[in-house]
Amino acid sequence: MAEPSRPAPPETFEATLVAARLVTPRVRELLFERVDGQPFLHRAGQWVSLVLPVLDEKGRPLRRAYSLSSVPAAGVRFELVVTRVDDGAGSTFLHEVPVGTRLEVKGPQGTFTRDVEAGPSLFVATGTGVAPFRGMVHEALASGRSEPLWVLFGVRSLDDALFADELEALARQHPQFRFLLTLSRPGPGWVGRSGYVQGHVLSLWQELAAFGTPHVYVCGVKKMLLEVREVLKTQGGAQRAQLHLESYD
Ligand SMILES: Cc1cc2nc3c(=O)[nH]c(=O)nc-3n(C[C@H](O)[C@H](O)[C@H](O)COP(=O)(O)OP(=O)(O)OC[C@H]3O[C@@H](n4cnc5c(N)ncnc54)[C@H](O)[C@@H]3O)c2cc1C
């Protein structure tokens with residue numbers, strides 16, 4: 001009898017940083033290109049591991065995972081967005097590394113992906129946790145399907161809302177797509193949602209359920225993930241199969 005097929009192990013390859021820019025005061029967007037000229041194929045939601053020339057306490061190079069923020073395409077390039085974490089060795093290096101630097105990359109990796117036919121979906125992110133949703137939303141909208149896709153994105157202030165212009169433009173073009181921003185430190189004059197994503201997720205989930213069995217995709221730091229899961233399980237009746245979580249820590 002044939003053995004069940006296993007997914008191929010992730011590839012290791014070298015990539016050159018070909019462009020970099022600050023997209024918010026604390027987030028740098030990095031564009032990499034494979035050195036060997038091979039296409040980089042991934043699914044929206046997957047991530048890569050970067051091997052950094054910064055040694056850990058045991059003298060080994062640091063390895064750090066970053067979600068692919070680029071929309072999947074059959075090219076040699078891919079993009080990442082990195083939050084500068086205070087006293088974080090890996091993210092500080094990636095905020096300072098010059099264009100032209102080559103790094104070892106392992107990937108794509110991970111199973112935090114969305115089936116295009118998944119049905120009504122709520123995407124909940126804080127900070128760079130929005131990265132995997134960029135590709136998922138573009139793919140879902142390009143597929144021509146019409147189920148609701150709602151992104152709830154929590155950041156401190158408008159300055160921190162990466163990809164907001166792009167996602168707002170998509171929302172204007174596609175009636176089934178909503179982009180909902182919530183600010184934890186809103187400035188004067190802000191009339192939109194405020195507070196943490198945890199405070200908005202239940203009402204959106206209940207509203208979304210009117211369109212069919214909903215799924216929720218949540219990405220960011222663990223504390224937020226666990227609180228969102230708790231409220232949706234205990235008050236929203238969400239089942240395990242409807243909850244998809246990706247933790248950054
Ligand atoms: C699957 C996966 C995907 C990831 N994707 C991304 C990504 O797309 N962009 C990104 O910036 N980070 C991402 N991370 C986090 C990243 O791997 C590093 O942990 C992060 O850059 C901090 O590393 P550091 O060496 O600077 O700091 P460390 O000293 O290793 O970490 C310090 C602390 O930073 C916190 N932290 C980690 N990530 C973040 C973050 N994004 N925002 C705020 N605080 C954070 C953690 O609580 C951690 O305890 C991902 C992690 C995983 C596991």
# chains A, B, ... in the order shown; residues from 1 in each chain; ligands from 1

call {"tool": "select_by_dssp", "arguments": {"residues": "stretch 113-154 of chain A", "states": "strand (DSSP E)", "output": "list of chain:residue names"}}
result
A:Ser121, A:Leu122, A:Phe123, A:Val124, A:Ala125, A:Thr126, A:Leu149, A:Trp150, A:Val151, A:Leu152, A:Phe153, A:Gly154

call {"tool": "closest_atom_pairs", "arguments": {"of": "chain A", "to": "ligand 1", "cutoff": "7 Å", "atoms": "only C-alpha atoms and all ligand atoms", "output": "JSON lines"}}
result
{"residue": "A:Trp47", "atom": "CA", "partner": "ligand 1", "partner_atom_place_in_ligand_line": "3 (C)", "distance": 5.9}
{"residue": "A:Arg64", "atom": "CA", "partner": "ligand 1", "partner_atom_place_in_ligand_line": "17 (O)", "distance": 4.3}
{"residue": "A:Ala65", "atom": "CA", "partner": "ligand 1", "partner_atom_place_in_ligand_line": "17 (O)", "distance": 3.9}
{"residue": "A:Tyr66", "atom": "CA", "partner": "ligand 1", "partner_atom_place_in_ligand_line": "5 (N)", "distance": 3.4}
{"residue": "A:Ser67", "atom": "CA", "partner": "ligand 1", "partner_atom_place_in_ligand_line": "8 (O)", "distance": 3.9}
{"residue": "A:Leu68", "atom": "CA", "partner": "ligand 1", "partner_atom_place_in_ligand_line": "8 (O)", "distance": 6.5}
{"residue": "A:Leu80", "atom": "CA", "partner": "ligand 1", "partner_atom_place_in_ligand_line": "8 (O)", "distance": 6.1}
{"residue": "A:Val81", "atom": "CA", "partner": "ligand 1", "partner_atom_place_in_ligand_line": "9 (N)", "distance": 5.2}
{"residue": "A:Val82", "atom": "CA", "partner": "ligand 1", "partner_atom_place_in_ligand_line": "11 (O)", "distance": 3.5}
{"residue": "A:Thr83", "atom": "CA", "partner": "ligand 1", "partner_atom_place_in_ligand_line": "11 (O)", "distance": 3.8}
{"residue": "A:Arg84", "atom": "CA", "partner": "ligand 1", "partner_atom_place_in_ligand_line": "26 (O)", "distance": 6.6}
{"residue": "A:Val85", "atom": "CA", "partner": "ligand 1", "partner_atom_place_in_ligand_line": "26 (O)", "distance": 5.2}
{"residue": "A:Asp87", "atom": "CA", "partner": "ligand 1", "partner_atom_place_in_ligand_line": "29 (O)", "distance": 6.4}
{"residue": "A:Gly88", "atom": "CA", "partner": "ligand 1", "partner_atom_place_in_ligand_line": "26 (O)", "distance": 3.1}
{"residue": "A:Ala89", "atom": "CA", "partner": "ligand 1", "partner_atom_place_in_ligand_line": "25 (O)", "distance": 4.2}
{"residue": "A:Gly90", "atom": "CA", "partner": "ligand 1", "partner_atom_place_in_ligand_line": "25 (O)", "distance": 3.3}
{"residue": "A:Ser91", "atom": "CA", "partner": "ligand 1", "partner_atom_place_in_ligand_line": "26 (O)", "distance": 3.5}
{"residue": "A:Thr92", "atom": "CA", "partner": "ligand 1", "partner_atom_place_in_ligand_line": "26 (O)", "distance": 5.7}
{"residue": "A:Gly127", "atom": "CA", "partner": "ligand 1", "partner_atom_place_in_ligand_line": "42 (N)", "distance": 6.3}
{"residue": "A:Thr128", "atom": "CA", "partner": "ligand 1", "partner_atom_place_in_ligand_line": "9 (N)", "distance": 5.0}
{"residue": "A:Gly129", "atom": "CA", "partner": "ligand 1", "partner_atom_place_in_ligand_line": "8 (O)", "distance": 6.2}
{"residue": "A:Ala131", "atom": "CA", "partner": "ligand 1", "partner_atom_place_in_ligand_line": "8 (O)", "distance": 5.8}
{"residue": "A:Gly220", "atom": "CA", "partner": "ligand 1", "partner_atom_place_in_ligand_line": "41 (N)", "distance": 6.7}
{"residue": "A:Val221", "atom": "CA", "partner": "ligand 1", "partner_atom_place_in_ligand_line": "39 (C)", "distance": 6.4}
{"residue": "A:Glu246", "atom": "CA", "partner": "ligand 1", "partner_atom_place_in_ligand_line": "1 (C)", "distance": 6.4}
{"residue": "A:Ser247", "atom": "CA", "partner": "ligand 1", "partner_atom_place_in_ligand_line": "53 (C)", "distance": 5.9}
{"residue": "A:Tyr248", "atom": "CA", "partner": "ligand 1", "partner_atom_place_in_ligand_line": "51 (C)", "distance": 3.6}
{"residue": "A:Asp249", "atom": "CA", "partner": "ligand 1", "partner_atom_place_in_ligand_line": "46 (C)", "distance": 4.9}

call {"tool": "residues_around", "arguments": {"residues": "A:Gly45", "least_positions_apart": "5", "cutoff": "10 Å", "atoms": "only C-alpha atoms", "output": "ChimeraX atom specification"}}
result
/A:67-72,108-114,130-136,217,219,246

call {"tool": "write_last_selection", "arguments": {"atoms": "N, CA and C atoms", "output": "PDB file, in the first residue's frame"}}
result
ATOM      1  N   SER A  67       6.251  36.306   9.064  1.00  0.00           N
ATOM      2  CA  SER A  67       5.172  35.991   8.119  1.00  0.00           C
ATOM      3  C   SER A  67       5.464  36.641   6.774  1.00  0.00           C
ATOM      4  N   LEU A  68       5.071  35.965   5.730  1.00  0.00           N
ATOM      5  CA  LEU A  68       5.208  36.553   4.389  1.00  0.00           C
ATOM      6  C   LEU A  68       4.081  37.557   4.203  1.00  0.00           C
ATOM      7  N   SER A  69       4.456  38.797   3.939  1.00  0.00           N
ATOM      8  CA  SER A  69       3.422  39.829   3.768  1.00  0.00           C
ATOM      9  C   SER A  69       3.090  40.031   2.303  1.00  0.00           C
ATOM     10  N   SER A  70       3.892  39.459   1.412  1.00  0.00           N
ATOM     11  CA  SER A  70       3.609  39.626  -0.023  1.00  0.00           C
ATOM     12  C   SER A  70       2.474  38.707  -0.456  1.00  0.00           C
ATOM     13  N   VAL A  71       1.780  39.149  -1.489  1.00  0.00           N
ATOM     14  CA  VAL A  71       0.709  38.341  -2.070  1.00  0.00           C
ATOM     15  C   VAL A  71       1.392  37.229  -2.877  1.00  0.00           C
ATOM     16  N   PRO A  72       1.007  35.943  -2.677  1.00  0.00           N
ATOM     17  CA  PRO A  72       1.686  34.871  -3.399  1.00  0.00           C
ATOM     18  C   PRO A  72       1.709  35.106  -4.911  1.00  0.00           C
ATOM     19  N   PRO A 108       9.112  28.293   2.426  1.00  0.00           N
ATOM     20  CA  PRO A 108       8.078  28.712   3.361  1.00  0.00           C
ATOM     21  C   PRO A 108       7.681  27.591   4.320  1.00  0.00           C
ATOM     22  N   GLN A 109       7.142  27.997   5.474  1.00  0.00           N
ATOM     23  CA  GLN A 109       6.749  27.043   6.494  1.00  0.00           C
ATOM     24  C   GLN A 109       5.387  27.453   7.053  1.00  0.00           C
ATOM     25  N   GLY A 110       4.742  26.490   7.747  1.00  0.00           N
ATOM     26  CA  GLY A 110       3.533  26.828   8.494  1.00  0.00           C
ATOM     27  C   GLY A 110       2.244  26.420   7.812  1.00  0.00           C
ATOM     28  N   THR A 111       1.237  26.221   8.653  1.00  0.00           N
ATOM     29  CA  THR A 111      -0.072  25.751   8.188  1.00  0.00           C
ATOM     30  C   THR A 111      -1.179  26.759   8.483  1.00  0.00           C
ATOM     31  N   PHE A 112      -0.802  27.971   8.809  1.00  0.00           N
ATOM     32  CA  PHE A 112      -1.809  29.017   9.082  1.00  0.00           C
ATOM     33  C   PHE A 112      -2.250  29.593   7.732  1.00  0.00           C
ATOM     34  N   THR A 113      -3.040  28.822   7.033  1.00  0.00           N
ATOM     35  CA  THR A 113      -3.470  29.208   5.689  1.00  0.00           C
ATOM     36  C   THR A 113      -4.995  29.141   5.649  1.00  0.00           C
ATOM     37  N   ARG A 114      -5.563  29.710   4.611  1.00  0.00           N
ATOM     38  CA  ARG A 114      -7.033  29.723   4.513  1.00  0.00           C
ATOM     39  C   ARG A 114      -7.447  29.123   3.184  1.00  0.00           C
ATOM     40  N   VAL A 130      -1.001  41.611  10.916  1.00  0.00           N
ATOM     41  CA  VAL A 130      -1.834  41.781   9.718  1.00  0.00           C
ATOM     42  C   VAL A 130      -1.147  41.198   8.473  1.00  0.00           C
ATOM     43  N   ALA A 131       0.161  40.948   8.582  1.00  0.00           N
ATOM     44  CA  ALA A 131       0.935  40.515   7.395  1.00  0.00           C
ATOM     45  C   ALA A 131       0.316  39.315   6.656  1.00  0.00           C
ATOM     46  N   PRO A 132       0.000  38.222   7.354  1.00  0.00           N
ATOM     47  CA  PRO A 132      -0.536  37.071   6.613  1.00  0.00           C
ATOM     48  C   PRO A 132      -1.892  37.334   5.961  1.00  0.00           C
ATOM     49  N   PHE A 133      -2.635  38.311   6.516  1.00  0.00           N
ATOM     50  CA  PHE A 133      -3.981  38.560   6.000  1.00  0.00           C
ATOM     51  C   PHE A 133      -3.972  39.331   4.686  1.00  0.00           C
ATOM     52  N   ARG A 134      -2.879  40.034   4.426  1.00  0.00           N
ATOM     53  CA  ARG A 134      -2.810  40.773   3.160  1.00  0.00           C
ATOM     54  C   ARG A 134      -2.964  39.786   1.986  1.00  0.00           C
ATOM     55  N   GLY A 135      -2.164  38.732   1.990  1.00  0.00           N
ATOM     56  CA  GLY A 135      -2.241  37.746   0.908  1.00  0.00           C
ATOM     57  C   GLY A 135      -3.565  37.002   0.906  1.00  0.00           C
ATOM     58  N   MET A 136      -4.061  36.650   2.112  1.00  0.00           N
ATOM     59  CA  MET A 136      -5.326  35.894   2.178  1.00  0.00           C
ATOM     60  C   MET A 136      -6.469  36.707   1.578  1.00  0.00           C
ATOM     61  N   TYR A 217      -9.610  34.011  11.896  1.00  0.00           N
ATOM     62  CA  TYR A 217      -8.162  33.861  11.759  1.00  0.00           C
ATOM     63  C   TYR A 217      -7.556  34.970  12.616  1.00  0.00           C
ATOM     64  N   CYS A 219      -4.014  36.641  14.424  1.00  0.00           N
ATOM     65  CA  CYS A 219      -2.553  36.639  14.353  1.00  0.00           C
ATOM     66  C   CYS A 219      -1.971  37.812  15.136  1.00  0.00           C
ATOM     67  N   GLU A 246      -2.368  32.132  14.956  1.00  0.00           N
ATOM     68  CA  GLU A 246      -0.921  32.173  14.722  1.00  0.00           C
ATOM     69  C   GLU A 246      -0.292  33.105  15.748  1.00  0.00           C
TER      70      GLU A 246
END

call {"tool": "closest_residue", "arguments": {"among": "A:Leu122, A:Val48, A:Val54, A:Leu170", "to": "A:Val218", "atoms": "only C-alpha atoms"}}
result
A:Leu122

call {"tool": "residues_around", "arguments": {"residues": "A:Glu147", "least_positions_apart": "2", "cutoff": "8 Å", "atoms": "only C-alpha atoms", "output": "JSON list (two decimals) with C-alpha atoms, in the first residue's frame"}}
result
[["chain", "number", "residue", "atom", "x", "y", "z"],
["A", 119, "GLY", "CA", -16.84, 30.80, 3.94],
["A", 120, "PRO", "CA", -17.51, 34.00, 5.91],
["A", 121, "SER", "CA", -14.25, 34.97, 7.58],
["A", 145, "ARG", "CA", -16.26, 34.53, -4.48],
["A", 149, "LEU", "CA", -14.34, 38.92, 4.57],
["A", 176, "GLN", "CA", -18.09, 41.94, 0.73],
["A", 211, "PHE", "CA", -24.04, 34.77, 6.53]]

call {"tool": "residues_around", "arguments": {"residues": "A:Ala209", "least_positions_apart": "3", "cutoff": "12 Å", "atoms": "only C-alpha atoms", "output": "list in words"}}
result
Gly119, Pro120, Ser121, Leu122, Glu147, Pro148, Leu149, Leu202, Ser203, Leu204, Trp205, Gln206, Gly212, Thr213, Pro214, His215, Val216, Leu232, Gly236, Gly237, Ala238 and Gln242 of chain A

call {"tool": "write_last_selection", "arguments": {"atoms": "N, CA, C and O atoms", "output": "PDB file, in the first residue's frame"}}
result
ATOM      1  N   GLY A 119     -15.584  30.174   3.519  1.00  0.00           N
ATOM      2  CA  GLY A 119     -16.840  30.801   3.936  1.00  0.00           C
ATOM      3  C   GLY A 119     -16.586  32.130   4.632  1.00  0.00           C
ATOM      4  O   GLY A 119     -15.463  32.655   4.622  1.00  0.00           O
ATOM      5  N   PRO A 120     -17.645  32.691   5.279  1.00  0.00           N
ATOM      6  CA  PRO A 120     -17.510  34.003   5.913  1.00  0.00           C
ATOM      7  C   PRO A 120     -16.321  34.000   6.884  1.00  0.00           C
ATOM      8  O   PRO A 120     -16.212  33.090   7.706  1.00  0.00           O
ATOM      9  N   SER A 121     -15.478  35.004   6.778  1.00  0.00           N
ATOM     10  CA  SER A 121     -14.249  34.973   7.584  1.00  0.00           C
ATOM     11  C   SER A 121     -13.968  36.310   8.236  1.00  0.00           C
ATOM     12  O   SER A 121     -14.101  37.356   7.611  1.00  0.00           O
ATOM     13  N   LEU A 122     -13.559  36.208   9.501  1.00  0.00           N
ATOM     14  CA  LEU A 122     -13.128  37.373  10.263  1.00  0.00           C
ATOM     15  C   LEU A 122     -11.628  37.215  10.496  1.00  0.00           C
ATOM     16  O   LEU A 122     -11.177  36.165  10.966  1.00  0.00           O
ATOM     17  N   GLU A 147     -18.407  35.679  -0.381  1.00  0.00           N
ATOM     18  CA  GLU A 147     -18.726  35.639   1.052  1.00  0.00           C
ATOM     19  C   GLU A 147     -18.017  36.791   1.781  1.00  0.00           C
ATOM     20  O   GLU A 147     -16.973  37.260   1.347  1.00  0.00           O
ATOM     21  N   PRO A 148     -18.593  37.226   2.922  1.00  0.00           N
ATOM     22  CA  PRO A 148     -17.993  38.352   3.644  1.00  0.00           C
ATOM     23  C   PRO A 148     -16.601  38.030   4.172  1.00  0.00           C
ATOM     24  O   PRO A 148     -16.350  36.924   4.681  1.00  0.00           O
ATOM     25  N   LEU A 149     -15.714  39.009   4.056  1.00  0.00           N
ATOM     26  CA  LEU A 149     -14.342  38.924   4.567  1.00  0.00           C
ATOM     27  C   LEU A 149     -14.121  40.214   5.342  1.00  0.00           C
ATOM     28  O   LEU A 149     -14.151  41.299   4.753  1.00  0.00           O
ATOM     29  N   LEU A 202     -16.508  39.984  19.493  1.00  0.00           N
ATOM     30  CA  LEU A 202     -17.719  39.194  19.692  1.00  0.00           C
ATOM     31  C   LEU A 202     -18.874  39.707  18.841  1.00  0.00           C
ATOM     32  O   LEU A 202     -19.565  38.920  18.171  1.00  0.00           O
ATOM     33  N   SER A 203     -19.097  41.021  18.835  1.00  0.00           N
ATOM     34  CA  SER A 203     -20.245  41.543  18.068  1.00  0.00           C
ATOM     35  C   SER A 203     -20.037  41.288  16.566  1.00  0.00           C
ATOM     36  O   SER A 203     -20.990  40.965  15.844  1.00  0.00           O
ATOM     37  N   LEU A 204     -18.788  41.385  16.088  1.00  0.00           N
ATOM     38  CA  LEU A 204     -18.538  41.116  14.663  1.00  0.00           C
ATOM     39  C   LEU A 204     -18.779  39.644  14.345  1.00  0.00           C
ATOM     40  O   LEU A 204     -19.346  39.300  13.309  1.00  0.00           O
ATOM     41  N   TRP A 205     -18.341  38.782  15.232  1.00  0.00           N
ATOM     42  CA  TRP A 205     -18.522  37.341  15.050  1.00  0.00           C
ATOM     43  C   TRP A 205     -20.011  36.995  14.976  1.00  0.00           C
ATOM     44  O   TRP A 205     -20.453  36.238  14.108  1.00  0.00           O
ATOM     45  N   GLN A 206     -20.788  37.592  15.868  1.00  0.00           N
ATOM     46  CA  GLN A 206     -22.232  37.314  15.877  1.00  0.00           C
ATOM     47  C   GLN A 206     -22.893  37.848  14.611  1.00  0.00           C
ATOM     48  O   GLN A 206     -23.763  37.205  14.032  1.00  0.00           O
ATOM     49  N   GLY A 212     -23.605  32.522   7.413  1.00  0.00           N
ATOM     50  CA  GLY A 212     -23.201  31.122   7.309  1.00  0.00           C
ATOM     51  C   GLY A 212     -22.188  30.825   8.406  1.00  0.00           C
ATOM     52  O   GLY A 212     -21.887  31.690   9.217  1.00  0.00           O
ATOM     53  N   THR A 213     -21.664  29.595   8.419  1.00  0.00           N
ATOM     54  CA  THR A 213     -20.718  29.218   9.481  1.00  0.00           C
ATOM     55  C   THR A 213     -19.423  30.017   9.327  1.00  0.00           C
ATOM     56  O   THR A 213     -18.702  29.851   8.351  1.00  0.00           O
ATOM     57  N   PRO A 214     -19.143  30.881  10.299  1.00  0.00           N
ATOM     58  CA  PRO A 214     -17.952  31.724  10.132  1.00  0.00           C
ATOM     59  C   PRO A 214     -16.665  31.058  10.624  1.00  0.00           C
ATOM     60  O   PRO A 214     -16.703  30.126  11.420  1.00  0.00           O
ATOM     61  N   HIS A 215     -15.559  31.569  10.108  1.00  0.00           N
ATOM     62  CA  HIS A 215     -14.229  31.177  10.598  1.00  0.00           C
ATOM     63  C   HIS A 215     -13.523  32.437  11.053  1.00  0.00           C
ATOM     64  O   HIS A 215     -13.746  33.514  10.497  1.00  0.00           O
ATOM     65  N   VAL A 216     -12.668  32.294  12.052  1.00  0.00           N
ATOM     66  CA  VAL A 216     -11.880  33.444  12.490  1.00  0.00           C
ATOM     67  C   VAL A 216     -10.392  33.084  12.419  1.00  0.00           C
ATOM     68  O   VAL A 216      -9.988  31.985  12.792  1.00  0.00           O
ATOM     69  N   LEU A 232     -14.592  34.215  22.073  1.00  0.00           N
ATOM     70  CA  LEU A 232     -15.366  33.584  20.988  1.00  0.00           C
ATOM     71  C   LEU A 232     -15.842  32.186  21.373  1.00  0.00           C
ATOM     72  O   LEU A 232     -16.936  31.774  20.968  1.00  0.00           O
ATOM     73  N   GLY A 236     -19.283  33.301  22.145  1.00  0.00           N
ATOM     74  CA  GLY A 236     -19.696  33.254  20.740  1.00  0.00           C
ATOM     75  C   GLY A 236     -19.975  31.842  20.253  1.00  0.00           C
ATOM     76  O   GLY A 236     -20.364  31.666  19.093  1.00  0.00           O
ATOM     77  N   GLY A 237     -19.738  30.840  21.108  1.00  0.00           N
ATOM     78  CA  GLY A 237     -20.006  29.453  20.723  1.00  0.00           C
ATOM     79  C   GLY A 237     -19.099  28.927  19.622  1.00  0.00           C
ATOM     80  O   GLY A 237     -19.431  27.946  18.949  1.00  0.00           O
ATOM     81  N   ALA A 238     -17.932  29.558  19.424  1.00  0.00           N
ATOM     82  CA  ALA A 238     -17.037  29.109  18.343  1.00  0.00           C
ATOM     83  C   ALA A 238     -16.456  27.736  18.661  1.00  0.00           C
ATOM     84  O   ALA A 238     -16.052  27.478  19.797  1.00  0.00           O
ATOM     85  N   GLN A 242     -13.353  26.231  13.838  1.00  0.00           N
ATOM     86  CA  GLN A 242     -13.608  27.576  13.288  1.00  0.00           C
ATOM     87  C   GLN A 242     -12.533  28.579  13.688  1.00  0.00           C
ATOM     88  O   GLN A 242     -12.540  29.709  13.206  1.00  0.00           O
TER      89      GLN A 242
END

call {"tool": "select_by_dssp", "arguments": {"residues": "stretch 15-205 of chain A", "states": "helix (DSSP H, G or I)", "output": "NGL selection string"}}
result
:A and (89-96 or 127-142 or 158-160 or 164-173 or 197-199 or 201-205)

call {"tool": "atom_distance", "arguments": {"atom1": "atom CA of A:Pro98", "atom2": "atom CA of A:Asp86"}}
result
19.8 Å

call {"tool": "atom_distance", "arguments": {"atom1": "atom CA of A:Val27", "atom2": "atom CA of A:Arg172"}}
result
25.4 Å

call {"tool": "residues_around", "arguments": {"residues": "stretch 185-193 of chain A", "least_positions_apart": "2", "cutoff": "9 Å", "atoms": "only C-alpha atoms", "output": "short mmCIF file (atom, residue, chain, number, x, y, z; two decimals) with C-alpha atoms, in the first residue's frame"}}
result
data_model
loop_
_atom_site.label_atom_id
_atom_site.label_comp_id
_atom_site.auth_asym_id
_atom_site.auth_seq_id
_atom_site.Cartn_x
_atom_site.Cartn_y
_atom_site.Cartn_z
CA VAL A 155 -2.96 49.33 16.49
CA ARG A 156 -2.06 52.16 18.87
CA SER A 157 -2.60 55.10 16.54
CA LEU A 158 -3.30 55.79 12.88
CA LEU A 180 -12.23 47.82 10.55
CA LEU A 181 -9.54 49.68 12.42
CA THR A 182 -9.50 50.05 16.19
CA LEU A 183 -7.05 52.39 17.93
CA GLY A 195 -9.81 50.10 22.40
CA HIS A 200 -15.01 44.28 19.27
#

call {"tool": "residues_around", "arguments": {"residues": "A:Thr12", "least_positions_apart": "5", "cutoff": "12 Å", "atoms": "only C-alpha atoms", "output": "PyMOL selection string"}}
result
chain A and resi 34-36+38+40+48-51+103-109

call {"tool": "decode", "arguments": {"residues": "stretch 225-232 of chain A", "atoms": "all heavy atoms", "output": "short mmCIF file (atom, residue, chain, number, x, y, z; two decimals), in the first residue's frame"}}
result
data_model
loop_
_atom_site.label_atom_id
_atom_site.label_comp_id
_atom_site.auth_asym_id
_atom_site.auth_seq_id
_atom_site.Cartn_x
_atom_site.Cartn_y
_atom_site.Cartn_z
N LEU A 225 -4.26 36.73 21.30
CA LEU A 225 -4.83 35.51 20.71
C LEU A 225 -5.70 34.75 21.71
O LEU A 225 -6.83 34.35 21.43
CB LEU A 225 -3.68 34.58 20.32
CG LEU A 225 -3.32 34.32 18.88
CD1 LEU A 225 -2.89 35.59 18.20
CD2 LEU A 225 -2.21 33.29 18.78
N LEU A 226 -5.14 34.58 22.92
CA LEU A 226 -5.85 33.79 23.93
C LEU A 226 -7.12 34.49 24.39
O LEU A 226 -8.14 33.84 24.61
CB LEU A 226 -4.92 33.51 25.13
CG LEU A 226 -3.69 32.66 24.80
CD1 LEU A 226 -2.84 32.45 26.04
CD2 LEU A 226 -4.09 31.31 24.19
N GLU A 227 -7.07 35.81 24.49
CA GLU A 227 -8.27 36.55 24.91
C GLU A 227 -9.36 36.49 23.84
O GLU A 227 -10.54 36.34 24.14
CB GLU A 227 -7.90 37.98 25.28
CG GLU A 227 -7.09 38.03 26.57
CD GLU A 227 -6.65 39.42 27.00
OE1 GLU A 227 -7.19 40.42 26.48
OE2 GLU A 227 -5.77 39.49 27.87
N VAL A 228 -8.95 36.61 22.59
CA VAL A 228 -9.94 36.52 21.49
C VAL A 228 -10.55 35.12 21.47
O VAL A 228 -11.77 34.95 21.38
CB VAL A 228 -9.28 36.87 20.13
CG1 VAL A 228 -10.19 36.48 18.97
CG2 VAL A 228 -8.95 38.36 20.07
N ARG A 229 -9.71 34.11 21.59
CA ARG A 229 -10.22 32.73 21.58
C ARG A 229 -11.20 32.50 22.73
O ARG A 229 -12.27 31.92 22.53
CB ARG A 229 -9.06 31.74 21.68
CG ARG A 229 -9.54 30.30 21.57
CD ARG A 229 -8.42 29.31 21.58
NE ARG A 229 -7.77 29.27 22.88
CZ ARG A 229 -6.78 28.44 23.19
NH1 ARG A 229 -6.32 27.61 22.28
NH2 ARG A 229 -6.24 28.45 24.38
N GLU A 230 -10.84 33.00 23.89
CA GLU A 230 -11.69 32.79 25.07
C GLU A 230 -13.08 33.41 24.86
O GLU A 230 -14.10 32.76 25.10
CB GLU A 230 -10.98 33.42 26.28
CG GLU A 230 -11.68 33.21 27.60
CD GLU A 230 -11.78 31.74 28.00
OE1 GLU A 230 -11.08 30.89 27.40
OE2 GLU A 230 -12.61 31.45 28.89
N VAL A 231 -13.10 34.65 24.38
CA VAL A 231 -14.40 35.33 24.25
C VAL A 231 -15.23 34.65 23.14
O VAL A 231 -16.46 34.47 23.29
CB VAL A 231 -14.21 36.85 24.03
CG1 VAL A 231 -13.80 37.21 22.63
CG2 VAL A 231 -15.48 37.61 24.37
N LEU A 232 -14.59 34.21 22.07
CA LEU A 232 -15.37 33.58 20.99
C LEU A 232 -15.84 32.19 21.37
O LEU A 232 -16.94 31.77 20.97
CB LEU A 232 -14.54 33.54 19.70
CG LEU A 232 -14.26 34.91 19.07
CD1 LEU A 232 -13.54 34.77 17.75
CD2 LEU A 232 -15.55 35.72 18.87
#
